[in-house]
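Okay, data_9.cif is below, mmCIF, C-alpha atoms:
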data_target
#
loop_
_atom_site.label_atom_id
_atom_site.label_comp_id
_atom_site.auth_asym_id
_atom_site.auth_seq_id
_atom_site.Cartn_x
_atom_site.Cartn_y
_atom_site.Cartn_z
CA MET N 12 -7.28 -59.12 67.65
CA THR N 13 -10.14 -57.54 65.67
CA THR N 14 -13.61 -56.19 66.37
CA LYS N 15 -15.27 -58.67 63.99
CA ALA N 16 -14.72 -62.41 63.86
CA ALA N 17 -11.86 -63.10 61.46
CA CYS N 18 -13.58 -66.23 60.18
CA ALA N 19 -16.15 -68.86 61.07
CA TRP N 20 -13.62 -71.17 62.79
CA PRO N 21 -12.08 -70.93 66.26
CA LEU N 22 -9.01 -68.71 66.22
CA PRO N 23 -5.72 -69.12 68.06
CA VAL N 24 -4.40 -66.76 70.68
CA LEU N 25 -1.65 -64.61 69.16
CA GLY N 26 0.74 -65.27 72.06
CA GLU N 27 0.39 -69.04 71.63
CA LEU N 28 1.38 -69.12 67.94
CA PRO N 29 4.83 -70.26 66.78
CA ALA N 30 7.31 -67.40 67.03
CA ASP N 31 7.78 -66.95 63.25
CA VAL N 32 4.03 -66.77 62.61
CA ARG N 33 3.49 -64.39 65.54
CA GLU N 34 6.37 -62.17 64.38
CA ARG N 35 4.98 -62.01 60.85
CA ILE N 36 1.57 -60.97 62.15
CA GLU N 37 3.11 -58.37 64.47
CA GLU N 38 5.16 -56.92 61.56
CA VAL N 39 2.01 -56.52 59.47
CA GLU N 40 0.17 -54.93 62.38
CA ALA N 41 3.02 -52.46 62.97
CA LYS N 42 3.05 -51.48 59.29
CA ALA N 43 -0.73 -51.36 58.67
CA GLY N 44 -1.94 -50.34 62.12
CA PHE N 45 -4.22 -53.39 62.31
CA ILE N 46 -4.09 -57.12 61.63
CA PRO N 47 -5.79 -58.11 58.36
CA ASN N 48 -8.26 -60.92 59.01
CA VAL N 49 -6.55 -63.24 56.52
CA PHE N 50 -3.50 -63.35 58.82
CA ILE N 51 -5.63 -64.15 61.84
CA ALA N 52 -7.74 -66.79 60.09
CA LEU N 53 -4.85 -68.64 58.43
CA SER N 54 -2.70 -68.57 61.58
CA ARG N 55 -4.83 -71.38 63.06
CA ARG N 56 -2.77 -73.73 60.88
CA PRO N 57 0.82 -72.47 60.97
CA ALA N 58 2.20 -74.73 58.21
CA GLU N 59 -0.54 -73.59 55.81
CA PHE N 60 -0.03 -69.97 56.92
CA ARG N 61 3.67 -70.18 56.03
CA ALA N 62 3.05 -71.84 52.65
CA PHE N 63 0.28 -69.41 51.71
CA PHE N 64 2.24 -66.28 52.54
CA ASP N 65 5.48 -67.58 51.01
CA TYR N 66 3.70 -68.09 47.69
CA HIS N 67 1.77 -64.82 48.07
CA ASP N 68 5.00 -62.92 48.61
CA ALA N 69 6.77 -64.65 45.72
CA LEU N 70 3.99 -63.46 43.39
CA MET N 71 3.03 -60.11 44.83
CA LEU N 72 6.26 -58.63 46.18
CA LYS N 73 8.37 -59.41 43.15
CA GLU N 74 10.39 -56.41 42.01
CA SER N 75 11.20 -57.58 38.49
CA GLY N 76 9.38 -57.83 35.20
CA ASN N 77 6.90 -55.48 33.62
CA LEU N 78 4.20 -55.79 36.32
CA SER N 79 4.01 -53.03 38.90
CA LYS N 80 2.52 -53.52 42.34
CA ALA N 81 -0.58 -51.70 41.07
CA ASP N 82 -0.81 -54.11 38.11
CA ARG N 83 -0.61 -57.08 40.45
CA GLU N 84 -3.32 -55.69 42.72
CA MET N 85 -5.51 -54.85 39.71
CA ILE N 86 -5.36 -58.52 38.68
CA VAL N 87 -6.41 -59.53 42.19
CA VAL N 88 -9.32 -57.09 42.31
CA ALA N 89 -10.69 -58.05 38.87
CA THR N 90 -10.43 -61.81 39.35
CA SER N 91 -11.64 -61.66 42.96
CA ALA N 92 -14.72 -59.74 41.84
CA ALA N 93 -15.38 -62.42 39.22
CA ASN N 94 -15.05 -65.03 41.97
CA SER N 95 -17.40 -63.08 44.30
CA CYS N 96 -14.77 -62.74 47.01
CA HIS N 97 -15.83 -59.85 49.22
CA TYR N 98 -12.69 -60.04 51.39
CA CYS N 99 -10.19 -59.90 48.52
CA VAL N 100 -12.03 -57.21 46.54
CA ILE N 101 -12.10 -54.91 49.57
CA ALA N 102 -8.61 -55.67 50.94
CA HIS N 103 -6.82 -55.65 47.58
CA GLY N 104 -8.95 -52.75 46.36
CA ALA N 105 -7.41 -50.73 49.18
CA LEU N 106 -3.94 -51.75 48.05
CA LEU N 107 -4.78 -50.93 44.42
CA ARG N 108 -5.88 -47.43 45.49
CA ILE N 109 -2.61 -46.99 47.40
CA TYR N 110 -0.29 -48.25 44.64
CA SER N 111 -2.11 -46.66 41.70
CA LYS N 112 -2.81 -43.39 43.52
CA LYS N 113 -6.23 -43.47 41.80
CA PRO N 114 -9.03 -43.53 44.39
CA LEU N 115 -11.74 -44.60 41.89
CA LEU N 116 -9.86 -47.31 40.03
CA ALA N 117 -10.42 -50.23 42.42
CA ASP N 118 -14.18 -49.72 42.44
CA GLN N 119 -14.27 -49.45 38.65
CA VAL N 120 -12.21 -52.61 38.20
CA ALA N 121 -14.28 -54.52 40.74
CA VAL N 122 -17.59 -53.63 39.11
CA ASN N 123 -16.54 -54.02 35.46
CA TYR N 124 -12.90 -53.78 34.45
CA ARG N 125 -13.97 -53.43 30.79
CA ARG N 126 -15.49 -50.04 31.62
CA ALA N 127 -12.76 -48.95 34.04
CA ASP N 128 -10.39 -46.09 33.32
CA ILE N 129 -7.55 -48.37 32.20
CA ASP N 130 -5.30 -48.38 29.16
CA ALA N 131 -4.89 -51.03 26.42
CA ARG N 132 -1.96 -52.63 28.26
CA GLU N 133 -3.97 -53.08 31.47
CA ARG N 134 -6.98 -54.30 29.50
CA ALA N 135 -4.90 -57.01 27.79
CA MET N 136 -3.46 -58.02 31.17
CA LEU N 137 -6.90 -58.27 32.77
CA ASP N 138 -8.46 -60.07 29.80
CA TYR N 139 -5.81 -62.77 30.12
CA ALA N 140 -6.08 -62.92 33.93
CA MET N 141 -9.85 -63.31 33.69
CA LYS N 142 -9.52 -66.17 31.23
CA VAL N 143 -7.13 -67.88 33.65
CA ALA N 144 -9.56 -67.26 36.51
CA LEU N 145 -12.76 -68.29 34.77
CA SER N 146 -11.94 -70.64 31.90
CA SER N 147 -8.33 -71.77 32.08
CA GLY N 148 -9.13 -74.98 30.21
CA ALA N 149 -9.94 -72.88 27.15
CA LEU N 150 -6.59 -71.05 27.09
CA GLU N 151 -4.75 -71.23 23.79
CA GLU N 152 -1.33 -70.05 22.66
CA ASN N 153 -2.88 -67.17 20.72
CA ASP N 154 -4.33 -65.76 23.98
CA LYS N 155 -0.83 -64.45 24.66
CA ALA N 156 -0.65 -62.36 21.45
CA PRO N 157 -2.40 -59.27 22.88
CA LEU N 158 -0.01 -59.38 25.84
CA TYR N 159 3.09 -59.53 23.62
CA LYS N 160 1.68 -56.62 21.62
CA GLN N 161 1.49 -54.58 24.84
CA GLY N 162 5.10 -55.31 25.80
CA PHE N 163 4.64 -58.23 28.19
CA ASP N 164 7.08 -61.14 27.95
CA ASP N 165 6.74 -64.81 28.86
CA GLU N 166 7.81 -64.20 32.48
CA ASP N 167 5.17 -61.47 32.86
CA ILE N 168 2.53 -63.79 31.42
CA TRP N 169 3.61 -66.50 33.88
CA ASP N 170 3.14 -63.97 36.70
CA ILE N 171 -0.29 -62.85 35.45
CA ALA N 172 -1.42 -66.47 35.35
CA GLY N 173 0.12 -67.25 38.73
CA ILE N 174 -1.57 -64.28 40.42
CA ALA N 175 -4.97 -65.08 38.89
CA ALA N 176 -4.68 -68.75 39.86
CA PHE N 177 -3.34 -68.15 43.37
CA PHE N 178 -6.11 -65.69 44.15
CA GLY N 179 -8.67 -68.11 42.74
CA MET N 180 -7.59 -70.39 45.59
CA SER N 181 -7.45 -67.49 48.05
CA ASN N 182 -10.95 -66.33 47.02
CA ARG N 183 -12.36 -69.77 47.64
CA LEU N 184 -10.68 -70.02 51.05
CA ALA N 185 -11.88 -66.57 52.12
CA ASN N 186 -15.43 -67.43 51.06
CA ALA N 187 -15.38 -70.89 52.66
CA TYR N 188 -13.91 -69.54 55.90
CA ASP N 189 -16.47 -66.70 55.96
CA MET N 190 -13.71 -64.12 56.29
CA PRO N 191 -15.00 -60.52 56.51
CA PRO N 192 -12.82 -57.64 55.36
CA ASN N 193 -11.46 -55.45 58.12
CA ASP N 194 -13.31 -52.14 58.42
CA GLU N 195 -10.00 -50.30 57.97
CA PHE N 196 -9.70 -51.40 54.33
CA TYR N 197 -12.84 -49.52 53.25
CA SER N 198 -11.44 -46.04 53.85
CA MET N 199 -7.80 -46.54 52.87
CA ALA N 200 -6.50 -44.18 50.13
CA ARG N 201 -9.90 -42.60 49.47
#
Rewrite the structure of this file - the entire thing - as structure tokens.
Amino acid sequence: MTTKAACAWPLPVLGELPADVRERIEEVEAKAGFIPNVFIALSRRPAEFRAFFDYHDALMLKESGNLSKADREMIVVATSAANSCHYCVIAHGALLRIYSKKPLLADQVAVNYRRADIDARERAMLDYAMKVALSSGALEENDKAPLYKQGFDDEDIWDIAGIAAFFGMSNRLANAYDMPPNDEFYSMAR
């Protein structure tokens, strides 16, 4: 399936997976040209695979609201860097480069989003996402004010929080499962 181990646990054989899981993996491979290790690793538990990717898709593939696909990926890269998740920074950094059409942005956001070439709207979005990721117990109603000022509404703020929180879980799984990023991600959209 891949040249590097997808994670530290034994992996299933693609042909032995339930049809829906196998089809999903094959669709991703056809589109990307390779199978991202997260699909391989999580496929060892099909029910968890389905739940994970259903929630992922509900958050990340949404076509409504004021968050673009690049915005969503920027949230993932910034919060994943804060959570020291190598897999997610590299994989979602590639997607950020693709969606933003800015080859330097993902690296800037991963190292220090406060110094990245982003605008006030993106800064407010990432400030809020980082508070959700790192100190959600300290969130207060007034934390939303900078987001409202930048044109975000309550549904957008829900999405920002959901993405930051979901990837907090994803970061921890990727780290615990010792999931390396696929080599292909490093050169995408450079």
Margin query: Take the PyMOL selection byres ((chain N and resi 45) around 10), run it mentally on this structure, and tell me the resulting residues as a PyMOL selection string.
Written below: chain N and resi 12-13+36-37+39-44+46-48+193-196
Next item on the list: Pull out every residue that the PyMOL selection byres ((chain N and resi 165-173) around 7) matches in the shown coordinates and put them as a PyMOL selection string.
Entry: chain N and resi 70+76-78+140+143+163-164+174-177
Next item on the list: Around the point (3.1, -73.4, 67.8), in the coordinates given by the file, pick out the residues reaching within 10 Å, counting only C-alpha atoms, and return them as a count of residues only.
Entry: 14
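The two atoms in question, atom CA of Leu184 of chain N and atom CA of Ala19 of chain N, are spaced 11.5 Å apart.
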Check which residues satisfy the PyMOL selection byres ((chain N and resi 142) around 12) in the file shown, then give them as a compact mmCIF listing (two decimals) with C-alpha atoms, keeping the file's coordinate frame.
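Result file follows (expr_26.txt):
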# COMPACT_ATOMS: atom_id res chain seq x y z
CA ILE N 86 -5.36 -58.52 38.68
CA ALA N 89 -10.69 -58.05 38.87
CA THR N 90 -10.43 -61.81 39.35
CA ALA N 93 -15.38 -62.42 39.22
CA ALA N 135 -4.90 -57.01 27.79
CA MET N 136 -3.46 -58.02 31.17
CA LEU N 137 -6.90 -58.27 32.77
CA ASP N 138 -8.46 -60.07 29.80
CA TYR N 139 -5.81 -62.77 30.12
CA ALA N 140 -6.08 -62.92 33.93
CA MET N 141 -9.85 -63.31 33.69
CA VAL N 143 -7.13 -67.88 33.65
CA ALA N 144 -9.56 -67.26 36.51
CA LEU N 145 -12.76 -68.29 34.77
CA SER N 146 -11.94 -70.64 31.90
CA SER N 147 -8.33 -71.77 32.08
CA GLY N 148 -9.13 -74.98 30.21
CA ALA N 149 -9.94 -72.88 27.15
CA LEU N 150 -6.59 -71.05 27.09
CA GLU N 151 -4.75 -71.23 23.79
CA ASP N 154 -4.33 -65.76 23.98
CA LYS N 155 -0.83 -64.45 24.66
CA ILE N 171 -0.29 -62.85 35.45
CA ALA N 172 -1.42 -66.47 35.35
CA ALA N 175 -4.97 -65.08 38.89
CA ALA N 176 -4.68 -68.75 39.86
CA GLY N 179 -8.67 -68.11 42.74
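Take atom CA of Pro192 of chain N and atom CA of Ala69 of chain N: the distance between them is 22.9 Å.
Residue neighbourhood of Ser198 of chain N, excluding near-sequence residues (fewer than 5 positions): Ile101, Ala102, Gly104, Ala105, Leu106, Arg108, Ile109, Pro114, Pro192 and Asn193 of chain N, at 12 Å, using all atoms listed in the file.
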Margin query: Applying 9 Å and only C-alpha atoms, which residues near Arg132 of chain N remain after dropping the ones on its own chain fewer than 6 positions away? List them as a PyMOL selection string.
Written below: chain N and resi 157-158+160-163
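Counting all atoms listed in the file, the residue from N:Arg125, N:Arg83, N:Lys73, N:His97 that sits nearest to Tyr110 of chain N is N:Arg83.
When the distance limit is 8 Å and only C-alpha atoms are what count, the residues near Ser95 of chain N, minus those fewer than 3 positions from it on the same chain, are Ser91, Ala92 and Asn182 of chain N.
You will find atom CA of Tyr159 of chain N at 21.4 Å from atom CA of Asp128 of chain N.
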Hey, can I get the axis-aligned box for segment 19-31 of chain N? All listed atoms, 4 Å padding on each side, centre and edge lengths in Å to one decimal, as JSON.
{"center_x": -4.2, "center_y": -67.9, "center_z": 66.6, "size_x": 31.9, "size_y": 14.6, "size_z": 19.0}
Note to self: Nearest residue to Asn186 of chain N out of N:Val24, N:Glu152, N:Asp68, N:Cys18, using only C-alpha atoms?
What the structure shows: N:Cys18
Hey, could you patch up segment 131-157 of chain N with N, CA and C atoms and hand it over as a PDB file, keeping the file's coordinate frame?
ATOM      1  N   ALA N 131      -4.876 -49.786  27.218  1.00  0.00           N
ATOM      2  CA  ALA N 131      -4.890 -51.030  26.420  1.00  0.00           C
ATOM      3  C   ALA N 131      -3.995 -52.098  27.041  1.00  0.00           C
ATOM      4  N   ARG N 132      -2.881 -51.689  27.617  1.00  0.00           N
ATOM      5  CA  ARG N 132      -1.960 -52.630  28.260  1.00  0.00           C
ATOM      6  C   ARG N 132      -2.639 -53.322  29.445  1.00  0.00           C
ATOM      7  N   GLU N 133      -3.275 -52.529  30.293  1.00  0.00           N
ATOM      8  CA  GLU N 133      -3.970 -53.080  31.470  1.00  0.00           C
ATOM      9  C   GLU N 133      -5.155 -53.935  31.041  1.00  0.00           C
ATOM     10  N   ARG N 134      -5.834 -53.533  29.997  1.00  0.00           N
ATOM     11  CA  ARG N 134      -6.980 -54.300  29.500  1.00  0.00           C
ATOM     12  C   ARG N 134      -6.523 -55.676  29.016  1.00  0.00           C
ATOM     13  N   ALA N 135      -5.426 -55.727  28.263  1.00  0.00           N
ATOM     14  CA  ALA N 135      -4.900 -57.010  27.790  1.00  0.00           C
ATOM     15  C   ALA N 135      -4.511 -57.899  28.978  1.00  0.00           C
ATOM     16  N   MET N 136      -3.879 -57.296  29.966  1.00  0.00           N
ATOM     17  CA  MET N 136      -3.460 -58.020  31.170  1.00  0.00           C
ATOM     18  C   MET N 136      -4.679 -58.614  31.888  1.00  0.00           C
ATOM     19  N   LEU N 137      -5.718 -57.798  32.066  1.00  0.00           N
ATOM     20  CA  LEU N 137      -6.900 -58.270  32.770  1.00  0.00           C
ATOM     21  C   LEU N 137      -7.716 -59.263  31.947  1.00  0.00           C
ATOM     22  N   ASP N 138      -7.768 -59.082  30.637  1.00  0.00           N
ATOM     23  CA  ASP N 138      -8.460 -60.070  29.800  1.00  0.00           C
ATOM     24  C   ASP N 138      -7.833 -61.446  29.970  1.00  0.00           C
ATOM     25  N   TYR N 139      -6.509 -61.491  29.963  1.00  0.00           N
ATOM     26  CA  TYR N 139      -5.810 -62.770  30.120  1.00  0.00           C
ATOM     27  C   TYR N 139      -6.026 -63.328  31.535  1.00  0.00           C
ATOM     28  N   ALA N 140      -5.890 -62.476  32.542  1.00  0.00           N
ATOM     29  CA  ALA N 140      -6.080 -62.920  33.930  1.00  0.00           C
ATOM     30  C   ALA N 140      -7.490 -63.473  34.138  1.00  0.00           C
ATOM     31  N   MET N 141      -8.474 -62.837  33.535  1.00  0.00           N
ATOM     32  CA  MET N 141      -9.850 -63.310  33.690  1.00  0.00           C
ATOM     33  C   MET N 141     -10.059 -64.645  33.009  1.00  0.00           C
ATOM     34  N   LYS N 142      -9.394 -64.865  31.889  1.00  0.00           N
ATOM     35  CA  LYS N 142      -9.520 -66.170  31.230  1.00  0.00           C
ATOM     36  C   LYS N 142      -8.883 -67.248  32.095  1.00  0.00           C
ATOM     37  N   VAL N 143      -7.745 -66.935  32.716  1.00  0.00           N
ATOM     38  CA  VAL N 143      -7.130 -67.880  33.650  1.00  0.00           C
ATOM     39  C   VAL N 143      -8.077 -68.161  34.804  1.00  0.00           C
ATOM     40  N   ALA N 144      -8.691 -67.120  35.342  1.00  0.00           N
ATOM     41  CA  ALA N 144      -9.560 -67.260  36.510  1.00  0.00           C
ATOM     42  C   ALA N 144     -10.854 -68.004  36.221  1.00  0.00           C
ATOM     43  N   LEU N 145     -11.411 -67.788  35.040  1.00  0.00           N
ATOM     44  CA  LEU N 145     -12.760 -68.290  34.770  1.00  0.00           C
ATOM     45  C   LEU N 145     -12.844 -69.445  33.783  1.00  0.00           C
ATOM     46  N   SER N 146     -11.855 -69.568  32.897  1.00  0.00           N
ATOM     47  CA  SER N 146     -11.940 -70.640  31.900  1.00  0.00           C
ATOM     48  C   SER N 146     -10.544 -71.067  31.443  1.00  0.00           C
ATOM     49  N   SER N 147      -9.721 -71.435  32.389  1.00  0.00           N
ATOM     50  CA  SER N 147      -8.330 -71.770  32.080  1.00  0.00           C
ATOM     51  C   SER N 147      -8.207 -72.958  31.124  1.00  0.00           C
ATOM     52  N   GLY N 148      -9.165 -73.838  31.130  1.00  0.00           N
ATOM     53  CA  GLY N 148      -9.130 -74.980  30.210  1.00  0.00           C
ATOM     54  C   GLY N 148      -9.276 -74.574  28.761  1.00  0.00           C
ATOM     55  N   ALA N 149      -9.756 -73.369  28.515  1.00  0.00           N
ATOM     56  CA  ALA N 149      -9.940 -72.880  27.150  1.00  0.00           C
ATOM     57  C   ALA N 149      -8.767 -72.017  26.669  1.00  0.00           C
ATOM     58  N   LEU N 150      -7.747 -71.852  27.503  1.00  0.00           N
ATOM     59  CA  LEU N 150      -6.590 -71.050  27.090  1.00  0.00           C
ATOM     60  C   LEU N 150      -5.894 -71.674  25.894  1.00  0.00           C
ATOM     61  N   GLU N 151      -5.484 -70.805  24.974  1.00  0.00           N
ATOM     62  CA  GLU N 151      -4.750 -71.230  23.790  1.00  0.00           C
ATOM     63  C   GLU N 151      -3.524 -70.349  23.635  1.00  0.00           C
ATOM     64  N   GLU N 152      -2.559 -70.809  22.871  1.00  0.00           N
ATOM     65  CA  GLU N 152      -1.330 -70.050  22.660  1.00  0.00           C
ATOM     66  C   GLU N 152      -1.608 -68.643  22.154  1.00  0.00           C
ATOM     67  N   ASN N 153      -2.604 -68.496  21.287  1.00  0.00           N
ATOM     68  CA  ASN N 153      -2.880 -67.170  20.720  1.00  0.00           C
ATOM     69  C   ASN N 153      -3.473 -66.192  21.734  1.00  0.00           C
ATOM     70  N   ASP N 154      -3.861 -66.666  22.919  1.00  0.00           N
ATOM     71  CA  ASP N 154      -4.330 -65.760  23.980  1.00  0.00           C
ATOM     72  C   ASP N 154      -3.212 -64.856  24.476  1.00  0.00           C
ATOM     73  N   LYS N 155      -1.969 -65.252  24.219  1.00  0.00           N
ATOM     74  CA  LYS N 155      -0.830 -64.450  24.660  1.00  0.00           C
ATOM     75  C   LYS N 155      -0.533 -63.293  23.703  1.00  0.00           C
ATOM     76  N   ALA N 156      -0.994 -63.361  22.470  1.00  0.00           N
ATOM     77  CA  ALA N 156      -0.650 -62.360  21.450  1.00  0.00           C
ATOM     78  C   ALA N 156      -0.961 -60.925  21.879  1.00  0.00           C
ATOM     79  N   PRO N 157      -2.141 -60.653  22.452  1.00  0.00           N
ATOM     80  CA  PRO N 157      -2.400 -59.270  22.880  1.00  0.00           C
ATOM     81  C   PRO N 157      -1.429 -58.803  23.977  1.00  0.00           C
TER      82      PRO N 157
END
